[in-house]
file my_file_0.pdb (PDB, C-alpha atoms)
ATOM      1  CA  MET K 288       0.000   0.000   0.000  1.00  0.00           C
ATOM      2  CA  THR K 289       1.427   3.377  -0.977  1.00  0.00           C
ATOM      3  CA  LEU K 290       0.878   6.413   1.153  1.00  0.00           C
ATOM      4  CA  PRO K 291      -0.948   9.341  -0.419  1.00  0.00           C
ATOM      5  CA  LYS K 292       1.228  12.230  -1.525  1.00  0.00           C
ATOM      6  CA  ASN K 293       1.490  14.996   1.057  1.00  0.00           C
ATOM      7  CA  PRO K 294      -0.280  18.042  -0.445  1.00  0.00           C
ATOM      8  CA  LEU K 295       2.381  20.287   1.101  1.00  0.00           C
ATOM      9  CA  ASP K 296       5.252  18.569  -0.743  1.00  0.00           C
ATOM     10  CA  ASP K 297       4.945  20.988  -3.660  1.00  0.00           C
ATOM     11  CA  LEU K 298       5.316  23.907  -1.252  1.00  0.00           C
ATOM     12  CA  TYR K 299       8.133  22.317   0.725  1.00  0.00           C
ATOM     13  CA  ARG K 300      10.141  21.664  -2.460  1.00  0.00           C
ATOM     14  CA  ARG K 301       9.928  25.253  -3.736  1.00  0.00           C
ATOM     15  CA  PRO K 302      13.374  26.913  -3.768  1.00  0.00           C
ATOM     16  CA  GLY K 303      12.101  30.033  -1.996  1.00  0.00           C
ATOM     17  CA  PHE K 304      10.551  27.983   0.805  1.00  0.00           C
ATOM     18  CA  MET K 305      13.714  25.923   1.240  1.00  0.00           C
ATOM     19  CA  LEU K 306      15.950  29.014   1.219  1.00  0.00           C
ATOM     20  CA  ARG K 307      13.801  30.694   3.876  1.00  0.00           C
ATOM     21  CA  ARG K 308      13.827  27.516   5.949  1.00  0.00           C
ATOM     22  CA  ALA K 309      17.603  27.167   5.533  1.00  0.00           C
ATOM     23  CA  HIS K 310      18.015  30.751   6.747  1.00  0.00           C
ATOM     24  CA  GLN K 311      15.868  30.020   9.813  1.00  0.00           C
ATOM     25  CA  ILE K 312      18.024  26.998  10.583  1.00  0.00           C
ATOM     26  CA  ALA K 313      21.283  28.910  10.040  1.00  0.00           C
ATOM     27  CA  VAL K 314      20.140  31.662  12.429  1.00  0.00           C
ATOM     28  CA  SER K 315      19.010  29.081  15.018  1.00  0.00           C
ATOM     29  CA  LEU K 316      22.386  27.349  14.903  1.00  0.00           C
ATOM     30  CA  PHE K 317      24.127  30.715  15.331  1.00  0.00           C
ATOM     31  CA  LEU K 318      21.979  31.572  18.349  1.00  0.00           C
ATOM     32  CA  GLU K 319      22.550  28.133  19.887  1.00  0.00           C
ATOM     33  CA  GLU K 320      26.312  28.609  19.675  1.00  0.00           C
ATOM     34  CA  THR K 321      26.422  32.270  20.700  1.00  0.00           C
ATOM     35  CA  GLY K 322      23.362  32.530  22.956  1.00  0.00           C
ATOM     36  CA  GLU K 323      25.104  33.698  26.107  1.00  0.00           C
ATOM     37  CA  LEU K 324      26.824  36.483  24.159  1.00  0.00           C
ATOM     38  CA  ASP K 325      23.464  38.000  23.096  1.00  0.00           C
ATOM     39  CA  ILE K 326      24.578  38.834  19.539  1.00  0.00           C
ATOM     40  CA  THR K 327      22.542  38.453  16.352  1.00  0.00           C
ATOM     41  CA  THR K 328      23.902  37.344  13.000  1.00  0.00           C
ATOM     42  CA  THR K 329      23.529  40.901  11.692  1.00  0.00           C
ATOM     43  CA  GLN K 330      25.393  42.343  14.670  1.00  0.00           C
ATOM     44  CA  PHE K 331      28.148  39.777  14.159  1.00  0.00           C
ATOM     45  CA  GLY K 332      28.388  40.749  10.491  1.00  0.00           C
ATOM     46  CA  ILE K 333      28.756  44.427  11.374  1.00  0.00           C
ATOM     47  CA  LEU K 334      31.380  43.745  14.055  1.00  0.00           C
ATOM     48  CA  HIS K 335      33.331  41.537  11.649  1.00  0.00           C
ATOM     49  CA  LEU K 336      33.130  44.173   8.909  1.00  0.00           C
ATOM     50  CA  LEU K 337      34.298  46.990  11.198  1.00  0.00           C
ATOM     51  CA  LYS K 338      37.193  44.869  12.432  1.00  0.00           C
ATOM     52  CA  HIS K 339      38.477  44.612   8.882  1.00  0.00           C
ATOM     53  CA  ARG K 340      37.251  47.977   7.546  1.00  0.00           C
ATOM     54  CA  PRO K 341      37.280  50.498  10.423  1.00  0.00           C
ATOM     55  CA  GLY K 342      36.072  54.001   9.693  1.00  0.00           C
ATOM     56  CA  LEU K 343      33.174  53.078   7.419  1.00  0.00           C
ATOM     57  CA  ASP K 344      29.993  55.127   7.597  1.00  0.00           C
ATOM     58  CA  GLN K 345      26.496  53.711   8.091  1.00  0.00           C
ATOM     59  CA  ILE K 346      25.601  53.763   4.389  1.00  0.00           C
ATOM     60  CA  SER K 347      28.769  51.883   3.450  1.00  0.00           C
ATOM     61  CA  VAL K 348      28.069  49.245   6.107  1.00  0.00           C
ATOM     62  CA  ALA K 349      24.545  48.794   4.723  1.00  0.00           C
ATOM     63  CA  LYS K 350      25.814  48.409   1.142  1.00  0.00           C
ATOM     64  CA  LEU K 351      28.601  45.988   2.042  1.00  0.00           C
ATOM     65  CA  LEU K 352      26.270  43.722   4.036  1.00  0.00           C
ATOM     66  CA  GLY K 353      23.174  44.016   1.831  1.00  0.00           C
ATOM     67  CA  LEU K 354      21.109  45.639   4.591  1.00  0.00           C
ATOM     68  CA  ASP K 355      18.559  48.404   4.301  1.00  0.00           C
ATOM     69  CA  ARG K 356      19.529  51.716   5.880  1.00  0.00           C
ATOM     70  CA  SER K 357      16.886  51.702   8.610  1.00  0.00           C
ATOM     71  CA  THR K 358      17.823  48.199   9.800  1.00  0.00           C
ATOM     72  CA  THR K 359      21.485  49.171   9.729  1.00  0.00           C
ATOM     73  CA  GLY K 360      20.793  52.277  11.797  1.00  0.00           C
ATOM     74  CA  MET K 361      18.803  50.295  14.360  1.00  0.00           C
ATOM     75  CA  VAL K 362      21.474  47.589  14.682  1.00  0.00           C
ATOM     76  CA  LEU K 363      24.279  50.151  14.918  1.00  0.00           C
ATOM     77  CA  GLY K 364      22.343  51.926  17.664  1.00  0.00           C
ATOM     78  CA  LYS K 365      22.095  48.695  19.655  1.00  0.00           C
ATOM     79  CA  LEU K 366      25.797  47.991  19.177  1.00  0.00           C
ATOM     80  CA  GLU K 367      26.635  51.534  20.252  1.00  0.00           C
ATOM     81  CA  ASP K 368      24.343  51.299  23.305  1.00  0.00           C
ATOM     82  CA  ALA K 369      26.119  48.062  24.236  1.00  0.00           C
ATOM     83  CA  GLY K 370      29.461  49.854  24.001  1.00  0.00           C
ATOM     84  CA  LEU K 371      30.700  47.628  21.161  1.00  0.00           C
ATOM     85  CA  ILE K 372      31.110  50.338  18.526  1.00  0.00           C
ATOM     86  CA  GLY K 373      31.739  54.064  18.519  1.00  0.00           C
ATOM     87  CA  ARG K 374      30.834  56.796  16.059  1.00  0.00           C
ATOM     88  CA  ASN K 375      33.186  59.664  15.268  1.00  0.00           C
ATOM     89  CA  VAL K 376      32.636  62.799  13.204  1.00  0.00           C
ATOM     90  CA  GLY K 377      34.053  62.266   9.722  1.00  0.00           C
ATOM     91  CA  THR K 378      37.277  64.052   8.889  1.00  0.00           C
ATOM     92  CA  THR K 379      36.320  64.951   5.300  1.00  0.00           C
ATOM     93  CA  ASP K 380      32.539  65.256   5.747  1.00  0.00           C
ATOM     94  CA  ARG K 381      31.369  66.362   9.190  1.00  0.00           C
ATOM     95  CA  ARG K 382      27.846  65.102   8.425  1.00  0.00           C
ATOM     96  CA  LYS K 383      29.113  61.521   8.225  1.00  0.00           C
ATOM     97  CA  ARG K 384      29.961  59.447  11.260  1.00  0.00           C
ATOM     98  CA  SER K 385      32.761  56.942  10.903  1.00  0.00           C
ATOM     99  CA  LEU K 386      32.293  53.694  12.783  1.00  0.00           C
ATOM    100  CA  ALA K 387      34.849  51.678  14.677  1.00  0.00           C
ATOM    101  CA  LEU K 388      34.964  48.871  17.198  1.00  0.00           C
ATOM    102  CA  THR K 389      35.571  49.844  20.781  1.00  0.00           C
ATOM    103  CA  SER K 390      37.862  47.740  22.949  1.00  0.00           C
ATOM    104  CA  ALA K 391      34.704  45.976  24.206  1.00  0.00           C
ATOM    105  CA  GLY K 392      33.756  45.321  20.574  1.00  0.00           C
ATOM    106  CA  GLU K 393      37.203  43.865  19.878  1.00  0.00           C
ATOM    107  CA  LYS K 394      36.837  41.580  22.914  1.00  0.00           C
ATOM    108  CA  MET K 395      33.338  40.523  21.854  1.00  0.00           C
ATOM    109  CA  LEU K 396      34.558  39.640  18.379  1.00  0.00           C
ATOM    110  CA  GLU K 397      37.352  37.583  19.907  1.00  0.00           C
ATOM    111  CA  ARG K 398      34.811  35.772  22.112  1.00  0.00           C
ATOM    112  CA  LEU K 399      32.682  35.114  19.017  1.00  0.00           C
ATOM    113  CA  LYS K 400      35.536  33.589  17.020  1.00  0.00           C
ATOM    114  CA  GLU K 401      35.169  30.024  18.294  1.00  0.00           C
ATOM    115  CA  PRO K 402      31.344  29.936  18.393  1.00  0.00           C
ATOM    116  CA  ALA K 403      31.242  31.325  14.836  1.00  0.00           C
ATOM    117  CA  ARG K 404      33.637  28.598  13.712  1.00  0.00           C
ATOM    118  CA  ARG K 405      31.411  25.963  15.318  1.00  0.00           C
ATOM    119  CA  VAL K 406      28.361  27.432  13.595  1.00  0.00           C
ATOM    120  CA  GLN K 407      29.986  27.069  10.183  1.00  0.00           C
ATOM    121  CA  GLU K 408      31.045  23.541  11.015  1.00  0.00           C
ATOM    122  CA  ARG K 409      27.509  22.618  12.061  1.00  0.00           C
ATOM    123  CA  GLN K 410      25.928  24.304   9.035  1.00  0.00           C
ATOM    124  CA  LEU K 411      28.104  22.310   6.659  1.00  0.00           C
ATOM    125  CA  ALA K 412      27.964  19.048   8.635  1.00  0.00           C
ATOM    126  CA  ALA K 413      25.020  17.824   6.561  1.00  0.00           C
ATOM    127  CA  PHE K 414      27.348  17.525   3.567  1.00  0.00           C
ATOM    128  CA  LYS K 415      30.342  15.421   2.652  1.00  0.00           C
ATOM    129  CA  PRO K 416      33.523  17.500   2.144  1.00  0.00           C
ATOM    130  CA  ALA K 417      33.173  17.587  -1.659  1.00  0.00           C
ATOM    131  CA  GLU K 418      29.497  18.493  -1.324  1.00  0.00           C
ATOM    132  CA  ARG K 419      30.350  21.408   1.007  1.00  0.00           C
ATOM    133  CA  LYS K 420      32.483  23.095  -1.614  1.00  0.00           C
ATOM    134  CA  ARG K 421      29.835  22.567  -4.289  1.00  0.00           C
ATOM    135  CA  PHE K 422      27.032  23.776  -1.990  1.00  0.00           C
ATOM    136  CA  LEU K 423      28.912  27.003  -1.258  1.00  0.00           C
ATOM    137  CA  GLN K 424      29.697  27.488  -4.950  1.00  0.00           C
ATOM    138  CA  MET K 425      26.034  27.055  -5.834  1.00  0.00           C
ATOM    139  CA  LEU K 426      24.885  29.485  -3.127  1.00  0.00           C
ATOM    140  CA  ASP K 427      27.459  31.982  -4.356  1.00  0.00           C
ATOM    141  CA  LYS K 428      26.267  31.591  -7.947  1.00  0.00           C
ATOM    142  CA  PHE K 429      22.644  32.037  -6.904  1.00  0.00           C
ATOM    143  CA  THR K 430      23.293  35.172  -4.831  1.00  0.00           C
ATOM    144  CA  ARG K 431      25.500  36.755  -7.492  1.00  0.00           C
ATOM    145  CA  THR K 432      23.044  35.970 -10.287  1.00  0.00           C
ATOM    146  CA  PHE K 433      20.108  37.582  -8.506  1.00  0.00           C
ATOM    147  CA  ASN K 434      21.960  40.270  -6.523  1.00  0.00           C
ATOM    148  CA  GLU K 435      20.397  43.137  -8.479  1.00  0.00           C
ATOM    149  CA  SER K 436      16.895  41.708  -7.977  1.00  0.00           C
ATOM    150  CA  THR K 437      16.899  42.625  -4.306  1.00  0.00           C
ATOM    151  CA  ARG K 438      15.859  45.846  -2.631  1.00  0.00           C
ATOM    152  CA  VAL K 439      19.354  46.025  -1.124  1.00  0.00           C
ATOM    153  CA  PRO K 440      21.955  44.605  -3.521  1.00  0.00           C
ATOM    154  CA  LEU K 441      25.261  43.573  -2.029  1.00  0.00           C
ATOM    155  CA  GLU K 442      27.729  46.241  -3.126  1.00  0.00           C
ATOM    156  CA  ALA K 443      30.685  43.825  -3.092  1.00  0.00           C
ATOM    157  CA  TYR K 444      29.031  41.746  -5.828  1.00  0.00           C
ATOM    158  CA  ARG K 445      28.356  44.843  -7.901  1.00  0.00           C
ATOM    159  CA  ALA K 446      31.990  45.890  -7.781  1.00  0.00           C
ATOM    160  CA  GLN K 447      33.198  42.441  -8.821  1.00  0.00           C
ATOM    161  CA  THR K 448      30.764  42.046 -11.708  1.00  0.00           C
ATOM    162  CA  GLY K 449      30.958  45.586 -13.005  1.00  0.00           C
ATOM    163  CA  ASP K 450      27.259  46.177 -12.285  1.00  0.00           C
ATOM    164  CA  ALA K 451      28.103  49.255 -10.216  1.00  0.00           C
ATOM    165  CA  LYS K 452      29.458  50.968 -13.343  1.00  0.00           C
ATOM    166  CA  LYS K 453      26.399  50.029 -15.381  1.00  0.00           C
ATOM    167  CA  ARG K 454      23.980  51.500 -12.834  1.00  0.00           C
ATOM    168  CA  ARG K 455      25.722  54.874 -12.556  1.00  0.00           C
TER     169      ARG K 455
END

call {"tool": "encode", "arguments": {"input": "my_file_0.pdb", "output": "structure tokens"}}
result
Amino acid sequence: MTLPKNPLDDLYRRPGFMLRRAHQIAVSLFLEETGELDITTTQFGILHLLKHRPGLDQISVAKLLGLDRSTTGMVLGKLEDAGLIGRNVGTTDRRKRSLALTSAGEKMLERLKEPARRVQERQLAAFKPAERKRFLQMLDKFTRTFNESTRVPLEAYRAQTGDAKKRR
């Protein structure tokens, strides 16, 4: 006797549904590993970015992480309130505020290093080593192909593909 087909299978096999579900799982794994540190994936991304690119302004952070400006402002405010980042008046444009990690932000990023490594390990654990590389290549291809379709394109992809020049 064969079981009847689940009417939700068509929904569950849609790429958009699976991508959303994969994102939920990725965020859950991050929170499981970093829970006691009370940091979100977006906050981690901003801290990591400012570690490697100190002095950026809010708009640049938003573009480099594919975030909308209002979300970026809200997250930066929380990081500033927590004492993890500081804002300084820009040297060339006094209207802009350059962002940098504070010493507490540096320490937090150091504390996040091992949990973040574990998160990546867990996220890729479902795959064999050769599958991991292919999975990441396919995700990269997907996000690059449809980067310009989003409300907030990732600026780094634009620069690499020449799309930034085309849109100017």

call {"tool": "resolve_selection", "arguments": {"input": "my_file_0.pdb", "expression": "the PyMOL selection byres ((chain K and resi 335-346) around 9)", "output": "NGL selection string"}}
result
:K and (330-334 or 347-352 or 355-356 or 359-360 or 363 or 372 or 374-375 or 377 or 383-388 or 392-393 or 396)

call {"tool": "atom_distance", "arguments": {"input": "my_file_0.pdb", "atom1": "atom CA of Gly303 of chain K", "atom2": "atom CA of Met361 of chain K"}}
result
26.9 Å

call {"tool": "atom_distance", "arguments": {"input": "my_file_0.pdb", "atom1": "atom CA of Glu401 of chain K", "atom2": "atom CA of Leu371 of chain K"}}
result
18.4 Å

call {"tool": "resolve_selection", "arguments": {"input": "my_file_0.pdb", "expression": "the PyMOL selection byres ((chain K and resi 316) around 10)", "output": "NGL selection string"}}
result
:K and (310-315 or 317-322 or 402-403 or 405-407 or 409-410)

call {"tool": "atom_distance", "arguments": {"input": "my_file_0.pdb", "atom1": "atom CA of Lys400 of chain K", "atom2": "atom CA of Leu324 of chain K"}}
result
11.6 Å

call {"tool": "closest_residue", "arguments": {"input": "my_file_0.pdb", "among": "K:Leu426, K:Lys415, K:Thr437, K:Glu408", "to": "Leu306 of chain K", "atoms": "all atoms listed in the file"}}
result
K:Leu426

call {"tool": "residues_around", "arguments": {"input": "my_file_0.pdb", "residues": "Leu411 of chain K", "least_positions_apart": "5", "cutoff": "10 Å", "atoms": "only C-alpha atoms", "output": "mmCIF file with C-alpha atoms, keeping the file's coordinate frame"}}
result
data_model
loop_
_atom_site.group_PDB
_atom_site.id
_atom_site.type_symbol
_atom_site.label_atom_id
_atom_site.label_comp_id
_atom_site.auth_asym_id
_atom_site.auth_seq_id
_atom_site.Cartn_x
_atom_site.Cartn_y
_atom_site.Cartn_z
ATOM 1 C CA ARG K 405 31.411 25.963 15.318
ATOM 2 C CA VAL K 406 28.361 27.432 13.595
ATOM 3 C CA PRO K 416 33.523 17.500 2.144
ATOM 4 C CA GLU K 418 29.497 18.493 -1.324
ATOM 5 C CA ARG K 419 30.350 21.408 1.007
ATOM 6 C CA LYS K 420 32.483 23.095 -1.614
ATOM 7 C CA PHE K 422 27.032 23.776 -1.990
ATOM 8 C CA LEU K 423 28.912 27.003 -1.258
#

call {"tool": "build_atoms", "arguments": {"input": "my_file_0.pdb", "residues": "segment 321-332 of chain K", "atoms": "all heavy atoms", "output": "mmCIF file, in the coordinates of the input"}}
result
data_model
loop_
_atom_site.group_PDB
_atom_site.id
_atom_site.type_symbol
_atom_site.label_atom_id
_atom_site.label_comp_id
_atom_site.auth_asym_id
_atom_site.auth_seq_id
_atom_site.Cartn_x
_atom_site.Cartn_y
_atom_site.Cartn_z
ATOM 1 N N THR K 321 26.001 30.973 20.159
ATOM 2 C CA THR K 321 26.422 32.270 20.700
ATOM 3 C C THR K 321 25.459 32.830 21.740
ATOM 4 O O THR K 321 25.647 33.964 22.181
ATOM 5 C CB THR K 321 26.547 33.307 19.561
ATOM 6 O OG1 THR K 321 25.254 33.511 18.993
ATOM 7 C CG2 THR K 321 27.542 32.862 18.501
ATOM 8 N N GLY K 322 24.450 32.056 22.107
ATOM 9 C CA GLY K 322 23.362 32.530 22.956
ATOM 10 C C GLY K 322 23.748 33.388 24.132
ATOM 11 O O GLY K 322 23.183 34.456 24.347
ATOM 12 N N GLU K 323 24.738 32.952 24.902
ATOM 13 C CA GLU K 323 25.104 33.698 26.107
ATOM 14 C C GLU K 323 25.752 35.039 25.785
ATOM 15 O O GLU K 323 25.836 35.913 26.634
ATOM 16 C CB GLU K 323 26.030 32.862 27.023
ATOM 17 C CG GLU K 323 27.476 32.759 26.563
ATOM 18 C CD GLU K 323 27.736 31.725 25.473
ATOM 19 O OE1 GLU K 323 26.821 30.980 25.097
ATOM 20 O OE2 GLU K 323 28.890 31.680 25.004
ATOM 21 N N LEU K 324 26.183 35.223 24.556
ATOM 22 C CA LEU K 324 26.824 36.483 24.159
ATOM 23 C C LEU K 324 25.808 37.525 23.691
ATOM 24 O O LEU K 324 26.146 38.697 23.542
ATOM 25 C CB LEU K 324 27.867 36.224 23.068
ATOM 26 C CG LEU K 324 29.014 35.312 23.504
ATOM 27 C CD1 LEU K 324 29.935 35.009 22.333
ATOM 28 C CD2 LEU K 324 29.794 35.924 24.659
ATOM 29 N N ASP K 325 24.566 37.095 23.454
ATOM 30 C CA ASP K 325 23.464 38.000 23.096
ATOM 31 C C ASP K 325 23.787 38.848 21.868
ATOM 32 O O ASP K 325 23.640 40.063 21.882
ATOM 33 C CB ASP K 325 23.106 38.885 24.293
ATOM 34 C CG ASP K 325 21.722 39.510 24.145
ATOM 35 O OD1 ASP K 325 20.869 38.895 23.484
ATOM 36 O OD2 ASP K 325 21.520 40.621 24.685
ATOM 37 N N ILE K 326 24.223 38.176 20.801
ATOM 38 C CA ILE K 326 24.578 38.834 19.539
ATOM 39 C C ILE K 326 23.780 38.178 18.411
ATOM 40 O O ILE K 326 23.657 36.957 18.366
ATOM 41 C CB ILE K 326 26.091 38.689 19.251
ATOM 42 C CG1 ILE K 326 26.920 39.491 20.248
ATOM 43 C CG2 ILE K 326 26.448 39.093 17.824
ATOM 44 C CD1 ILE K 326 26.866 40.994 20.068
ATOM 45 N N THR K 327 23.257 38.991 17.508
ATOM 46 C CA THR K 327 22.542 38.453 16.352
ATOM 47 C C THR K 327 23.520 38.246 15.194
ATOM 48 O O THR K 327 24.643 38.752 15.216
ATOM 49 C CB THR K 327 21.432 39.421 15.894
ATOM 50 O OG1 THR K 327 22.053 40.618 15.382
ATOM 51 C CG2 THR K 327 20.475 39.753 17.030
ATOM 52 N N THR K 328 23.063 37.556 14.175
ATOM 53 C CA THR K 328 23.902 37.344 13.000
ATOM 54 C C THR K 328 24.228 38.678 12.326
ATOM 55 O O THR K 328 25.350 38.869 11.844
ATOM 56 C CB THR K 328 23.224 36.399 11.986
ATOM 57 O OG1 THR K 328 21.951 36.925 11.625
ATOM 58 C CG2 THR K 328 23.056 35.007 12.558
ATOM 59 N N THR K 329 23.289 39.592 12.298
ATOM 60 C CA THR K 329 23.529 40.901 11.692
ATOM 61 C C THR K 329 24.546 41.695 12.505
ATOM 62 O O THR K 329 25.456 42.324 11.945
ATOM 63 C CB THR K 329 22.209 41.685 11.555
ATOM 64 O OG1 THR K 329 21.292 40.904 10.779
ATOM 65 C CG2 THR K 329 22.422 43.026 10.883
ATOM 66 N N GLN K 330 24.424 41.662 13.817
ATOM 67 C CA GLN K 330 25.393 42.343 14.670
ATOM 68 C C GLN K 330 26.790 41.754 14.480
ATOM 69 O O GLN K 330 27.772 42.498 14.383
ATOM 70 C CB GLN K 330 24.970 42.250 16.136
ATOM 71 C CG GLN K 330 23.743 43.065 16.459
ATOM 72 C CD GLN K 330 23.194 42.772 17.841
ATOM 73 O OE1 GLN K 330 23.362 41.685 18.385
ATOM 74 N NE2 GLN K 330 22.510 43.742 18.415
ATOM 75 N N PHE K 331 26.862 40.428 14.397
ATOM 76 C CA PHE K 331 28.148 39.777 14.159
ATOM 77 C C PHE K 331 28.739 40.248 12.831
ATOM 78 O O PHE K 331 29.929 40.563 12.740
ATOM 79 C CB PHE K 331 27.991 38.254 14.169
ATOM 80 C CG PHE K 331 29.243 37.525 13.769
ATOM 81 C CD1 PHE K 331 30.319 37.439 14.629
ATOM 82 C CD2 PHE K 331 29.344 36.941 12.512
ATOM 83 C CE1 PHE K 331 31.486 36.765 14.260
ATOM 84 C CE2 PHE K 331 30.495 36.269 12.128
ATOM 85 C CZ PHE K 331 31.572 36.184 13.007
ATOM 86 N N GLY K 332 27.914 40.297 11.798
ATOM 87 C CA GLY K 332 28.388 40.749 10.491
ATOM 88 C C GLY K 332 28.955 42.159 10.544
ATOM 89 O O GLY K 332 30.004 42.443 9.960
#
